[in-house]
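**Student:** Structure supplied as run-v9.cif; contents: mmCIF, C-alpha atoms.
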```cif
data_entry
loop_
_atom_site.label_atom_id
_atom_site.label_comp_id
_atom_site.auth_asym_id
_atom_site.auth_seq_id
_atom_site.Cartn_x
_atom_site.Cartn_y
_atom_site.Cartn_z
CA MET I 1 6.51 33.71 -5.36
CA GLU I 2 9.43 32.39 -3.33
CA ARG I 3 11.64 29.69 -4.80
CA LEU I 4 12.26 26.78 -2.43
CA SER I 5 15.56 24.91 -2.10
CA ILE I 6 14.15 22.15 -4.31
CA ALA I 7 14.22 23.34 -7.91
CA ASP I 8 10.79 23.74 -9.56
CA ALA I 9 8.96 24.21 -6.24
CA TYR I 10 7.64 27.54 -4.97
CA VAL I 11 5.62 29.04 -2.12
CA PHE I 12 3.23 31.93 -2.68
CA THR I 13 2.24 34.26 0.18
CA PRO I 14 -0.71 36.43 -0.84
CA ALA I 15 -1.58 39.85 0.48
CA VAL I 16 -4.61 39.37 2.75
CA HIS I 17 -6.86 42.44 3.00
CA GLU I 18 -8.88 42.38 6.22
CA ASP I 19 -11.54 44.71 7.61
CA ASP I 20 -14.63 44.46 9.78
CA ARG I 21 -16.42 42.49 7.05
CA GLY I 22 -13.79 39.74 6.86
CA ALA I 23 -10.93 39.19 4.43
CA PHE I 24 -10.15 39.21 0.73
CA LEU I 25 -7.15 37.80 -1.13
CA GLU I 26 -6.01 36.56 -4.53
CA TRP I 27 -5.09 32.97 -3.75
CA TYR I 28 -3.92 32.22 -7.27
CA ARG I 29 -2.56 34.42 -10.07
CA ALA I 30 -1.90 32.75 -13.42
CA ASP I 31 0.29 35.61 -14.65
CA ARG I 32 2.63 35.41 -11.65
CA MET I 33 2.84 31.64 -11.94
CA SER I 34 3.73 31.95 -15.60
CA GLU I 35 6.46 34.47 -14.81
CA VAL I 36 8.33 32.06 -12.54
CA MET I 37 7.54 28.82 -14.38
CA GLY I 38 7.95 30.11 -17.90
CA HIS I 39 4.64 28.55 -18.97
CA ASP I 40 0.98 28.45 -17.98
CA LEU I 41 -0.33 25.94 -15.45
CA ARG I 42 -2.77 23.74 -17.30
CA LEU I 43 -5.85 23.20 -15.13
CA ALA I 44 -7.13 19.68 -15.77
CA GLN I 45 -8.50 18.73 -12.35
CA ALA I 46 -9.21 20.37 -8.99
CA ASN I 47 -9.20 18.25 -5.83
CA TYR I 48 -10.79 18.95 -2.45
CA SER I 49 -9.98 16.91 0.64
CA VAL I 50 -11.28 17.12 4.21
CA SER I 51 -9.18 15.31 6.80
CA ARG I 52 -8.98 15.08 10.58
CA ARG I 53 -5.97 15.74 12.79
CA GLY I 54 -3.03 13.45 12.14
CA VAL I 55 -4.11 12.30 8.69
CA VAL I 56 -1.15 11.94 6.34
CA ARG I 57 -1.78 11.89 2.59
CA GLY I 58 1.19 10.99 0.39
CA VAL I 59 3.96 10.88 -0.62
CA HIS I 60 2.33 10.78 -4.07
CA PHE I 61 3.71 11.35 -7.56
CA ALA I 62 2.97 10.46 -11.20
CA ASP I 63 4.98 9.20 -14.16
CA VAL I 64 6.66 11.89 -16.26
CA PRO I 65 5.61 12.61 -18.91
CA PRO I 66 3.08 13.93 -18.35
CA GLY I 67 3.29 13.87 -14.55
CA GLN I 68 1.02 16.07 -12.48
CA ALA I 69 2.01 19.55 -11.33
CA LYS I 70 0.04 20.83 -8.34
CA TYR I 71 -0.87 24.14 -6.75
CA VAL I 72 -1.93 23.46 -3.17
CA THR I 73 -3.55 25.59 -0.46
CA CYS I 74 -5.38 25.02 2.81
CA VAL I 75 -8.72 26.83 3.00
CA SER I 76 -9.66 25.66 6.51
CA GLY I 77 -7.47 24.58 9.41
CA ALA I 78 -3.73 23.93 9.10
CA VAL I 79 -1.48 21.34 7.49
CA LEU I 80 2.21 20.66 7.20
CA ASP I 81 2.72 20.48 3.45
CA VAL I 82 5.68 18.44 2.22
CA ILE I 83 7.61 18.36 -1.04
CA VAL I 84 10.15 15.59 -1.67
CA ASP I 85 12.56 15.59 -4.59
CA ILE I 86 12.22 12.02 -5.84
CA ARG I 87 13.56 12.73 -9.33
CA GLN I 88 16.29 10.21 -10.01
CA GLY I 89 19.50 12.06 -10.89
CA SER I 90 18.39 15.40 -9.40
CA PRO I 91 21.09 17.44 -7.62
CA THR I 92 18.72 17.59 -4.65
CA PHE I 93 17.46 13.99 -4.82
CA GLY I 94 15.91 13.00 -1.49
CA ARG I 95 15.67 16.57 -0.19
CA VAL I 96 12.56 17.53 1.79
CA GLU I 97 10.87 20.95 2.03
CA THR I 98 8.04 21.66 4.45
CA VAL I 99 5.66 24.61 4.42
CA GLU I 100 2.82 25.19 6.87
CA LEU I 101 -0.36 26.04 4.99
CA ASP I 102 -3.28 27.43 6.97
CA ASP I 103 -6.36 29.63 6.91
CA ARG I 104 -4.47 32.62 8.34
CA THR I 105 -1.51 33.18 6.02
CA ARG I 106 -3.38 31.62 3.07
CA ARG I 107 -0.11 30.54 1.47
CA GLY I 108 0.00 28.23 -1.52
CA VAL I 109 2.63 25.79 -2.76
CA TYR I 110 3.45 24.93 -6.35
CA LEU I 111 5.34 21.76 -7.21
CA ALA I 112 6.27 20.73 -10.72
CA GLU I 113 5.76 17.39 -12.41
CA GLY I 114 7.94 14.64 -10.94
CA LEU I 115 8.11 15.95 -7.38
CA GLY I 116 6.57 14.01 -4.50
CA HIS I 117 3.82 15.58 -2.40
CA ALA I 118 2.36 14.86 1.03
CA PHE I 119 0.74 16.66 3.94
CA MET I 120 -0.25 16.09 7.57
CA VAL I 121 -3.21 17.76 9.26
CA LEU I 122 -2.17 19.84 12.27
CA SER I 123 -5.58 21.18 13.29
CA GLU I 124 -8.63 19.24 14.44
CA GLN I 125 -9.77 19.22 10.82
CA ALA I 126 -8.45 20.75 7.63
CA THR I 127 -9.66 21.29 4.09
CA VAL I 128 -7.03 21.25 1.37
CA VAL I 129 -7.68 22.15 -2.25
CA TYR I 130 -5.26 21.65 -5.09
CA MET I 131 -5.28 22.30 -8.79
CA CYS I 132 -3.63 19.70 -11.01
CA SER I 133 -2.13 19.99 -14.48
CA GLU I 134 -3.31 16.51 -15.49
CA PRO I 135 -6.29 14.34 -14.45
CA TYR I 136 -5.84 11.40 -12.11
CA ALA I 137 -4.47 8.38 -14.00
CA PRO I 138 -4.46 5.29 -11.72
CA GLY I 139 -1.99 3.30 -13.80
CA HIS I 140 0.58 6.11 -13.67
CA GLU I 141 0.22 7.15 -10.03
CA HIS I 142 2.71 5.99 -7.38
CA GLY I 143 3.75 6.61 -3.81
CA VAL I 144 6.61 6.24 -1.40
CA ASP I 145 6.39 5.61 2.33
CA PRO I 146 5.91 8.96 4.11
CA MET I 147 7.47 7.44 7.24
CA ASP I 148 10.60 6.22 5.44
CA PRO I 149 13.53 7.15 7.72
CA GLU I 150 15.75 7.56 4.66
CA ILE I 151 13.58 10.47 3.53
CA GLY I 152 13.29 11.75 7.10
CA ILE I 153 10.25 13.99 6.81
CA PRO I 154 10.10 15.99 10.08
CA TRP I 155 6.55 15.10 11.05
CA PRO I 156 5.38 16.62 14.36
CA ARG I 157 6.18 14.22 17.17
CA ASP I 158 3.12 15.14 19.23
CA ILE I 159 0.63 14.02 16.55
CA GLU I 160 -0.12 10.37 15.84
CA PRO I 161 -0.01 9.84 12.06
CA LEU I 162 -2.99 8.21 10.36
CA LEU I 163 -2.28 6.69 6.93
CA SER I 164 -4.43 4.91 4.38
CA PRO I 165 -3.58 1.22 3.88
CA LYS I 166 -2.20 2.10 0.44
CA ASP I 167 0.12 4.80 1.73
CA ALA I 168 1.23 2.64 4.67
CA ALA I 169 2.19 -0.15 2.25
CA ALA I 170 4.06 2.13 -0.16
CA PRO I 171 7.71 1.26 -0.87
CA THR I 172 10.60 3.15 0.66
CA LEU I 173 12.51 5.58 -1.50
CA SER I 174 15.27 3.01 -2.08
CA GLN I 175 12.75 0.31 -3.00
CA ALA I 176 10.95 2.64 -5.42
CA LEU I 177 14.31 3.48 -7.00
CA GLU I 178 15.19 -0.21 -7.37
CA LYS I 179 11.81 -0.93 -8.95
CA GLY I 180 12.24 1.86 -11.50
CA LEU I 181 9.18 3.76 -10.24
CA LEU I 182 10.80 7.15 -9.76
CA PRO I 183 10.74 9.87 -12.40
CA ARG I 184 14.08 10.64 -14.03
CA TYR I 185 15.37 14.17 -13.54
CA ASP I 186 16.44 14.48 -17.18
CA ASP I 187 12.97 13.44 -18.37
CA CYS I 188 11.41 16.03 -16.07
CA GLN I 189 13.72 18.78 -17.31
CA ALA I 190 12.96 17.88 -20.92
CA TYR I 191 9.24 18.02 -20.17
CA TYR I 192 9.53 21.41 -18.44
CA ALA I 193 11.45 22.72 -21.47
CA ALA I 194 8.73 21.47 -23.80
CA LEU I 195 6.09 23.21 -21.68
CA ARG I 196 8.04 26.45 -21.80
CA ALA I 197 8.31 26.08 -25.57
CA GLY I 198 4.55 25.81 -25.72
CA GLY I 199 4.38 22.45 -27.39
CA ALA I 200 3.78 19.97 -24.58
CA ALA I 201 0.08 19.67 -24.00
CA HIS I 202 0.78 15.96 -24.28
CA ALA I 203 4.57 15.76 -24.57
CA GLY I 204 6.05 12.31 -25.08
#
```
Render the structure in this file as structure tokens.

**Tutor:**
Amino acid sequence: MERLSIADAYVFTPAVHEDDRGAFLEWYRADRMSEVMGHDLRLAQANYSVSRRGVVRGVHFADVPPGQAKYVTCVSGAVLDVIVDIRQGSPTFGRVETVELDDRTRRGVYLAEGLGHAFMVLSEQATVVYMCSEPYAPGHEHGVDPMDPEIGIPWPRDIEPLLSPKDAAAPTLSQALEKGLLPRYDDCQAYYAALRAGGAAHAG
């Protein structure tokens, strides 16, 4: 597990064992996740998306608590996975991290509750799967504009982005901040501490 420059976000590069039959890898290890996070990742929902080249999904996030931590990997094709620190008051507020996930390296990305997540499909088609710590809760889910120049996500310039109407109409980071939509860094840290203490199945 490699810690990214945004606190509470990590990339995991598995050992891929290949021979004439194909390949084998451990794409997720709960014990290793617990070592770096200090608590187990609660599995409440697993999502599976198939998207064509240029599709952008995100930037999505949920209210904290309880938020929605995610462990993301690409099982077919390739995507540019994006993490945005949207936690109000964070030392790295507004920072962007990108990691290419594909069916060769088989890397995975973990992002804690309160961080924003998005990806763009780089291949002709890609299948992304992600495990979530909480189930989808429509009234507590939000987004910010993935094309917001203030955030400045370095999307590939040679691929035309394709967004859903909802994502295209999402507020900018500044607008989301003004509306009080963004998670507060202190609330996120308190929630992480409660998880590490083992008493936050439904903290708050």

**Student:** So that I can check the surroundings of His140 of chain I, please list as a VMD selection string every protein, DNA and RNA residue that reaches within 9 Å of it, counting only C-alpha atoms and ignoring chain neighbours fewer than 4 positions away.

**Tutor:** chain I and resid 61 to 64 67 136

**Student:** Segment 183-186 of chain I: which residues within 6 Å, counting all atoms listed in the file, same-chain residues fewer than 4 positions away excluded, as a PDB file with C-alpha atoms, keeping the file's coordinate frame?

**Tutor:**
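Saved to result_11.pdb:
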```pdb
ATOM      1  CA  VAL I  64       6.660  11.890 -16.260  1.00  0.00           C
ATOM      2  CA  ARG I  87      13.560  12.730  -9.330  1.00  0.00           C
ATOM      3  CA  GLN I  88      16.290  10.210 -10.010  1.00  0.00           C
ATOM      4  CA  GLY I  89      19.500  12.060 -10.890  1.00  0.00           C
ATOM      5  CA  SER I  90      18.390  15.400  -9.400  1.00  0.00           C
ATOM      6  CA  GLY I 114       7.940  14.640 -10.940  1.00  0.00           C
TER       7      GLY I 114
END
```

**Student:** Please provide the set of residues having any atom within 12 Å of Arg29 of chain I, restricted to all atoms listed in the file, with same-chain residues fewer than 5 positions apart removed, written as number ranges by chain.

**Tutor:** I: 1, 12-15, 34-36, 40-41, 71, 108, 110

**Student:** Rank I:Phe24, I:Tyr191, I:Gly139, I:Ser5 by their smallest atom-to-atom distance to Pro91 of chain I, using all atoms listed in the file, and report the top residue only.

**Tutor:** I:Ser5

**Student:** Give me the residues within 12 Å of Ala23 of chain I as an NGL selection string, counting all atoms listed in the file and dropping any in the same chain fewer than 6 places off.

**Tutor:** :I and (14-17 or 103-106)

**Student:** Any chance you could export the current selection's C-alpha atoms as a CSV table (one decimal), keeping the file's coordinate frame?

**Tutor:**
```
chain,number,residue,atom,x,y,z
I,14,PRO,CA,-0.7,36.4,-0.8
I,15,ALA,CA,-1.6,39.8,0.5
I,16,VAL,CA,-4.6,39.4,2.8
I,17,HIS,CA,-6.9,42.4,3.0
I,103,ASP,CA,-6.4,29.6,6.9
I,104,ARG,CA,-4.5,32.6,8.3
I,105,THR,CA,-1.5,33.2,6.0
I,106,ARG,CA,-3.4,31.6,3.1
```

**Student:** Under the PyMOL selection byres ((chain I and resi 45) around 10), which residues of this model are included? Write them out as a PDB file with C-alpha atoms, in the frame of the given file.

**Tutor:**
```pdb
ATOM      1  CA  ARG I  42      -2.770  23.740 -17.300  1.00  0.00           C
ATOM      2  CA  LEU I  43      -5.850  23.200 -15.130  1.00  0.00           C
ATOM      3  CA  ALA I  44      -7.130  19.680 -15.770  1.00  0.00           C
ATOM      4  CA  ALA I  46      -9.210  20.370  -8.990  1.00  0.00           C
ATOM      5  CA  ASN I  47      -9.200  18.250  -5.830  1.00  0.00           C
ATOM      6  CA  GLN I  68       1.020  16.070 -12.480  1.00  0.00           C
ATOM      7  CA  LYS I  70       0.040  20.830  -8.340  1.00  0.00           C
ATOM      8  CA  TYR I 130      -5.260  21.650  -5.090  1.00  0.00           C
ATOM      9  CA  MET I 131      -5.280  22.300  -8.790  1.00  0.00           C
ATOM     10  CA  CYS I 132      -3.630  19.700 -11.010  1.00  0.00           C
ATOM     11  CA  SER I 133      -2.130  19.990 -14.480  1.00  0.00           C
ATOM     12  CA  GLU I 134      -3.310  16.510 -15.490  1.00  0.00           C
ATOM     13  CA  PRO I 135      -6.290  14.340 -14.450  1.00  0.00           C
ATOM     14  CA  TYR I 136      -5.840  11.400 -12.110  1.00  0.00           C
TER      15      TYR I 136
END
```

**Student:** When you look at Ser76 of chain I with a cut-off of 8 Å (counting all atoms listed in the file), what residues show up, excluding the ones that are within fewer than 2 positions of it in the same chain? I need them as a PyMOL selection string.

**Tutor:** chain I and resi 74+78+102-103+125-128

**Student:** Check which residues satisfy the PyMOL selection byres ((chain I and resi 117) around 10) in the file shown, then give them as a PyMOL selection string.

**Tutor:** chain I and resi 57-61+69-70+72+81-86+96-97+111+114-116+118-119+143-144+146

**Student:** Considering all atoms listed in the file, state which residue in the set I:Gly152, I:Asp145, I:Leu80, I:Val75 is at the smallest distance from Pro165 of chain I.

**Tutor:**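 For Pro165 of chain I, the nearest of the given residues is I:Asp145.
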